[in-house]
$ cat data.csv   # CSV, C-alpha atoms
chain,number,residue,atom,x,y,z
A,1,MET,CA,-58.6,30.7,-38.0
A,2,ILE,CA,-58.7,29.8,-41.7
A,3,LYS,CA,-59.7,32.8,-43.8
A,4,LEU,CA,-62.4,32.3,-46.3
A,5,LEU,CA,-62.1,33.1,-50.0
A,6,ASP,CA,-65.3,34.5,-51.5
A,7,THR,CA,-65.2,33.1,-55.1
A,8,HIS,CA,-68.1,35.0,-56.5
A,9,GLN,CA,-68.0,38.7,-55.5
A,10,HIS,CA,-70.1,41.0,-57.6
A,11,LEU,CA,-69.7,44.8,-57.5
A,12,VAL,CA,-71.9,47.5,-59.1
A,13,TYR,CA,-70.3,50.8,-60.3
A,14,ARG,CA,-72.9,52.7,-62.2
A,15,ASP,CA,-70.4,55.4,-63.3
A,16,VAL,CA,-68.4,52.6,-65.0
A,17,ALA,CA,-71.0,50.3,-66.5
A,18,ASN,CA,-74.8,49.8,-67.1
A,19,TYR,CA,-76.6,46.9,-65.5
A,20,SER,CA,-79.9,46.5,-67.4
A,21,TRP,CA,-80.7,43.2,-65.6
A,22,ALA,CA,-81.0,45.2,-62.3
A,23,LYS,CA,-83.6,47.6,-63.4
A,24,ASP,CA,-86.4,45.9,-61.3
A,25,ILE,CA,-84.2,45.0,-58.3
A,26,PRO,CA,-84.2,47.8,-55.7
A,27,PRO,CA,-81.8,49.1,-54.5
A,28,LEU,CA,-79.6,47.8,-57.4
A,29,ALA,CA,-81.8,49.6,-59.9
A,30,THR,CA,-80.2,52.9,-58.9
A,31,ASP,CA,-77.5,52.4,-56.4
A,32,ASN,CA,-73.9,51.2,-56.4
A,33,PHE,CA,-72.5,48.2,-54.5
A,34,THR,CA,-68.9,49.1,-54.1
A,35,VAL,CA,-65.9,47.3,-52.7
A,36,GLU,CA,-66.2,49.6,-49.7
A,37,ASN,CA,-69.9,48.4,-49.2
A,38,TYR,CA,-68.7,44.8,-49.5
A,39,LEU,CA,-66.0,45.2,-47.0
A,40,LYS,CA,-68.3,46.9,-44.5
A,41,LEU,CA,-71.0,44.2,-45.0
A,42,THR,CA,-68.5,41.3,-44.5
A,43,GLU,CA,-66.4,42.9,-41.7
A,44,GLY,CA,-65.6,40.3,-39.0
A,45,LEU,CA,-66.8,37.3,-41.0
A,46,GLY,CA,-63.4,35.8,-41.7
A,47,ILE,CA,-63.1,36.6,-45.4
A,48,GLY,CA,-59.5,36.8,-46.3
A,49,GLY,CA,-60.0,37.7,-50.0
A,50,THR,CA,-62.3,37.6,-53.0
A,51,LEU,CA,-62.4,36.6,-56.6
A,52,PHE,CA,-64.4,39.3,-58.4
A,53,MET,CA,-67.0,37.8,-60.7
A,54,GLU,CA,-68.1,39.9,-63.7
A,55,THR,CA,-71.5,41.4,-63.0
A,56,GLY,CA,-73.3,40.8,-66.2
A,57,VAL,CA,-73.0,44.4,-67.4
A,58,ASP,CA,-74.5,45.5,-70.7
A,59,ASP,CA,-72.4,44.4,-73.6
A,60,PRO,CA,-70.7,47.7,-74.4
A,61,ASP,CA,-69.3,47.9,-70.9
A,62,TYR,CA,-67.8,44.5,-70.0
A,63,GLN,CA,-64.3,45.5,-70.8
A,64,ASN,CA,-64.6,48.8,-68.8
A,65,GLU,CA,-65.8,46.8,-65.8
A,66,ALA,CA,-62.8,44.5,-65.9
A,67,LYS,CA,-60.3,47.3,-66.3
A,68,TYR,CA,-61.9,49.2,-63.5
A,69,VAL,CA,-61.9,46.3,-61.0
A,70,GLN,CA,-58.4,45.4,-62.0
A,71,LYS,CA,-57.3,48.9,-60.8
A,72,LEU,CA,-59.3,48.2,-57.6
A,73,SER,CA,-57.4,45.0,-57.1
A,74,ASP,CA,-54.1,46.9,-57.1
A,75,ASN,CA,-55.0,48.1,-53.6
A,76,PRO,CA,-54.4,45.2,-51.2
A,77,ASN,CA,-56.8,46.7,-48.7
A,78,ASN,CA,-59.7,45.8,-51.1
A,79,GLY,CA,-58.9,42.1,-50.7
A,80,ILE,CA,-59.5,41.3,-54.4
A,81,LYS,CA,-57.2,38.4,-55.1
A,82,GLY,CA,-58.3,37.7,-58.7
A,83,LEU,CA,-60.8,38.5,-61.4
A,84,ILE,CA,-63.2,36.3,-63.4
A,85,VAL,CA,-63.9,38.6,-66.4
A,86,SER,CA,-66.5,38.6,-69.1
A,87,ILE,CA,-65.5,37.5,-72.5
A,88,ARG,CA,-67.2,37.0,-75.9
A,89,PRO,CA,-65.9,33.8,-77.5
A,90,GLU,CA,-68.5,34.3,-80.3
A,91,ASP,CA,-67.1,37.7,-81.4
A,92,ASP,CA,-64.4,38.5,-83.9
A,93,SER,CA,-62.8,40.7,-81.3
A,94,PHE,CA,-62.1,37.7,-79.0
A,95,ASP,CA,-58.4,37.5,-79.5
A,96,ALA,CA,-57.6,41.1,-78.8
A,97,TRP,CA,-59.6,41.2,-75.5
A,98,PHE,CA,-58.3,37.7,-74.6
A,99,ASN,CA,-54.7,38.8,-75.0
A,100,GLU,CA,-55.3,42.0,-73.1
A,101,THR,CA,-56.8,40.1,-70.2
A,102,LEU,CA,-53.9,37.6,-70.2
A,103,GLN,CA,-51.6,40.7,-69.7
A,104,MET,CA,-53.9,41.7,-66.8
A,105,ASN,CA,-53.3,38.2,-65.3
A,106,VAL,CA,-57.0,37.5,-64.8
A,107,SER,CA,-57.9,34.3,-63.0
A,108,GLY,CA,-60.6,33.2,-65.4
A,109,TYR,CA,-63.4,34.0,-67.8
A,110,ARG,CA,-67.2,33.8,-67.8
A,111,ARG,CA,-69.9,34.1,-70.4
A,112,ILE,CA,-73.6,34.3,-69.3
A,113,LEU,CA,-75.3,32.1,-71.9
A,114,HIS,CA,-78.8,31.8,-70.4
A,115,VAL,CA,-79.7,35.2,-71.9
A,116,MET,CA,-78.3,34.3,-75.3
A,117,PRO,CA,-79.7,32.3,-78.1
A,118,ASP,CA,-78.9,28.6,-77.7
A,119,GLU,CA,-76.8,28.6,-80.8
A,120,THR,CA,-74.2,31.0,-79.2
A,121,SER,CA,-72.2,28.2,-77.6
A,122,GLN,CA,-72.8,25.7,-80.4
A,123,THR,CA,-70.7,27.4,-83.0
A,124,GLN,CA,-67.2,26.2,-83.9
A,125,THR,CA,-65.8,29.7,-83.4
A,126,PHE,CA,-67.2,29.9,-79.8
A,127,ARG,CA,-65.8,26.5,-79.0
A,128,ASP,CA,-62.4,27.1,-80.6
A,129,ASN,CA,-62.0,30.3,-78.7
A,130,VAL,CA,-63.0,28.6,-75.4
A,131,LYS,CA,-60.3,26.0,-76.1
A,132,LYS,CA,-57.8,28.9,-76.3
A,133,ILE,CA,-58.8,29.8,-72.8
A,134,GLY,CA,-58.1,26.2,-71.7
A,135,LYS,CA,-54.7,26.2,-73.4
A,136,ALA,CA,-53.8,29.3,-71.4
A,137,GLY,CA,-54.5,27.3,-68.3
A,138,LYS,CA,-57.6,29.4,-67.3
A,139,PRO,CA,-61.1,28.2,-66.4
A,140,PHE,CA,-64.2,29.2,-68.2
A,141,ASP,CA,-67.5,29.7,-66.3
A,142,ILE,CA,-70.7,28.9,-68.1
A,143,CYS,CA,-74.2,30.0,-67.1
A,144,TYR,CA,-77.0,27.9,-68.6
A,145,LEU,CA,-80.6,27.5,-67.7
A,146,PRO,CA,-81.9,24.0,-66.7
A,147,THR,CA,-83.6,23.8,-70.1
A,148,GLN,CA,-80.1,24.3,-71.7
A,149,LEU,CA,-78.2,21.6,-69.8
A,150,SER,CA,-78.2,19.3,-72.8
A,151,ILE,CA,-76.5,22.1,-74.8
A,152,ALA,CA,-74.0,22.6,-71.9
A,153,TYR,CA,-73.3,18.8,-71.9
A,154,ASP,CA,-72.5,18.8,-75.6
A,155,PHE,CA,-70.4,21.9,-75.2
A,156,ALA,CA,-68.4,20.3,-72.3
A,157,LYS,CA,-67.8,17.1,-74.3
A,158,ASP,CA,-66.3,19.2,-77.1
A,159,CYS,CA,-64.2,21.3,-74.7
A,160,GLN,CA,-62.8,18.5,-72.4
A,161,GLU,CA,-59.4,20.1,-72.1
A,162,VAL,CA,-60.9,23.2,-70.5
A,163,ASN,CA,-61.7,23.5,-66.8
A,164,LEU,CA,-65.4,24.5,-67.0
A,165,VAL,CA,-67.4,25.9,-64.0
A,166,LEU,CA,-71.2,25.6,-64.2
A,167,ASN,CA,-72.3,28.9,-62.5
A,168,HIS,CA,-75.4,28.9,-60.3
A,169,CYS,CA,-75.9,25.2,-60.7
A,170,GLY,CA,-77.7,25.7,-64.0
A,171,VAL,CA,-79.8,28.6,-62.6
A,172,PRO,CA,-82.5,26.4,-61.1
A,173,SER,CA,-86.0,27.9,-60.4
A,174,ILE,CA,-85.8,28.2,-56.6

$ encode --input "data.csv" --output "structure tokens"
Amino acid sequence: MIKLLDTHQHLVYRDVANYSWAKDIPPLATDNFTVENYLKLTEGLGIGGTLFMETGVDDPDYQNEAKYVQKLSDNPNNGIKGLIVSIRPEDDSFDAWFNETLQMNVSGYRRILHVMPDETSQTQTFRDNVKKIGKAGKPFDICYLPTQLSIAYDFAKDCQEVNLVLNHCGVPSI
């Protein structure tokens, strides 16, 4: 039997990070969704491992989340094979966090852009920093709304040397 790889595993650890987006989604509004919960829920389904996908934590917490899940991945019983962590290519602190995550050997990066002003991914700083991700051989996941796909297209044209992943198919209204 071929084991499956879950490439988009979200976890919620409220003692590590805040998740404002979940405030109106019971039970995520108050409860955790831990690696133990995930393993119990998927037991017997043939999943051989996961790629943790950053969970859209509140801005002050995105580095805490990545560091915490990195520690969880040290335990092979948790099945976490890699991490897609949050990064802020628009920030002056990009290089420090980027270098730290390279030392953590993360699998890739993601920036949720559909909650940001359109201009966020249109700046040269943002694009130059994303190109650094590509030069490091890592993919960059982008999350745009359907109304922002022309912005995504222009961004992709300018970052052709980067492996880009369009998360959630442009977040369609389904």

$ closest_residue --input "data.csv" --among "A:Gly56, A:Asp61, A:Leu102, A:Tyr68" --to "A:Thr34" --atoms "only C-alpha atoms"
A:Tyr68

$ atom_distance --input "data.csv" --atom1 "atom CA of A:Ile142" --atom2 "atom CA of A:Ser121"
9.6 Å

$ closest_residue --input "data.csv" --among "A:Gly49, A:Gly170, A:Pro27, A:Pro117" --to "A:Tyr153" --atoms "all atoms listed in the file"
A:Gly170

$ closest_residue --input "data.csv" --among "A:Leu149, A:Val162, A:Ile84, A:Met104" --to "A:Lys131" --atoms "all atoms listed in the file"
A:Val162

$ atom_distance --input "data.csv" --atom1 "atom CA of A:Asn77" --atom2 "atom CA of A:Glu100"
24.9 Å

$ atom_distance --input "data.csv" --atom1 "atom CA of A:Val16" --atom2 "atom CA of A:Asn64"
6.6 Å

$ residues_around --input "data.csv" --residues "A:Lys132" --least-positions-apart "3" --cutoff "12 Å" --atoms "all atoms listed in the file" --output "list in words"
Pro89, Phe94, Asp95, Phe98, Asn99, Leu102, Tyr109, Thr125, Phe126, Arg127, Asp128, Asn129, Lys135, Ala136, Gly137, Lys138, Pro139, Phe140, Cys159, Glu161, Val162 and Asn163 of chain A

$ residues_around --input "data.csv" --residues "A:Ile151" --least-positions-apart "6" --cutoff "9 Å" --atoms "only C-alpha atoms" --output "PyMOL selection string"
chain A and resi 118-119+121-122+144

$ write_last_selection --input "data.csv" --atoms "C-alpha atoms" --output "PDB file, in the coordinates of the input"
ATOM      1  CA  ASP A 118     -78.900  28.600 -77.700  1.00  0.00           C
ATOM      2  CA  GLU A 119     -76.800  28.600 -80.800  1.00  0.00           C
ATOM      3  CA  SER A 121     -72.200  28.200 -77.600  1.00  0.00           C
ATOM      4  CA  GLN A 122     -72.800  25.700 -80.400  1.00  0.00           C
ATOM      5  CA  TYR A 144     -77.000  27.900 -68.600  1.00  0.00           C
TER       6      TYR A 144
END

$ closest_residue --input "data.csv" --among "A:Glu36, A:Asp141, A:Asp15, A:Asp154" --to "A:Asn75" --atoms "only C-alpha atoms"
A:Glu36

$ residues_around --input "data.csv" --residues "A:Val57" --least-positions-apart "3" --cutoff "7 Å" --atoms "all atoms listed in the file" --output "NGL selection string"
:A and (17-19 or 61-62)

$ write_last_selection --input "data.csv" --atoms "C-alpha atoms" --output "tab-separated table (two decimals), keeping the file's coordinate frame"
chain	number	residue	atom	x	y	z
A	17	ALA	CA	-71.00	50.30	-66.50
A	18	ASN	CA	-74.80	49.80	-67.10
A	19	TYR	CA	-76.60	46.90	-65.50
A	61	ASP	CA	-69.30	47.90	-70.90
A	62	TYR	CA	-67.80	44.50	-70.00

$ residues_around --input "data.csv" --residues "A:Leu39" --least-positions-apart "2" --cutoff "12 Å" --atoms "only C-alpha atoms" --output "PyMOL selection string"
chain A and resi 6+9+11+33-37+41-50+77-80

$ residues_near_point --input "data.csv" --point "(-83.0, 32.7, -69.7)" --cutoff "8 Å" --atoms "all atoms listed in the file" --output "ChimeraX atom specification"
/A:114-116,144-145
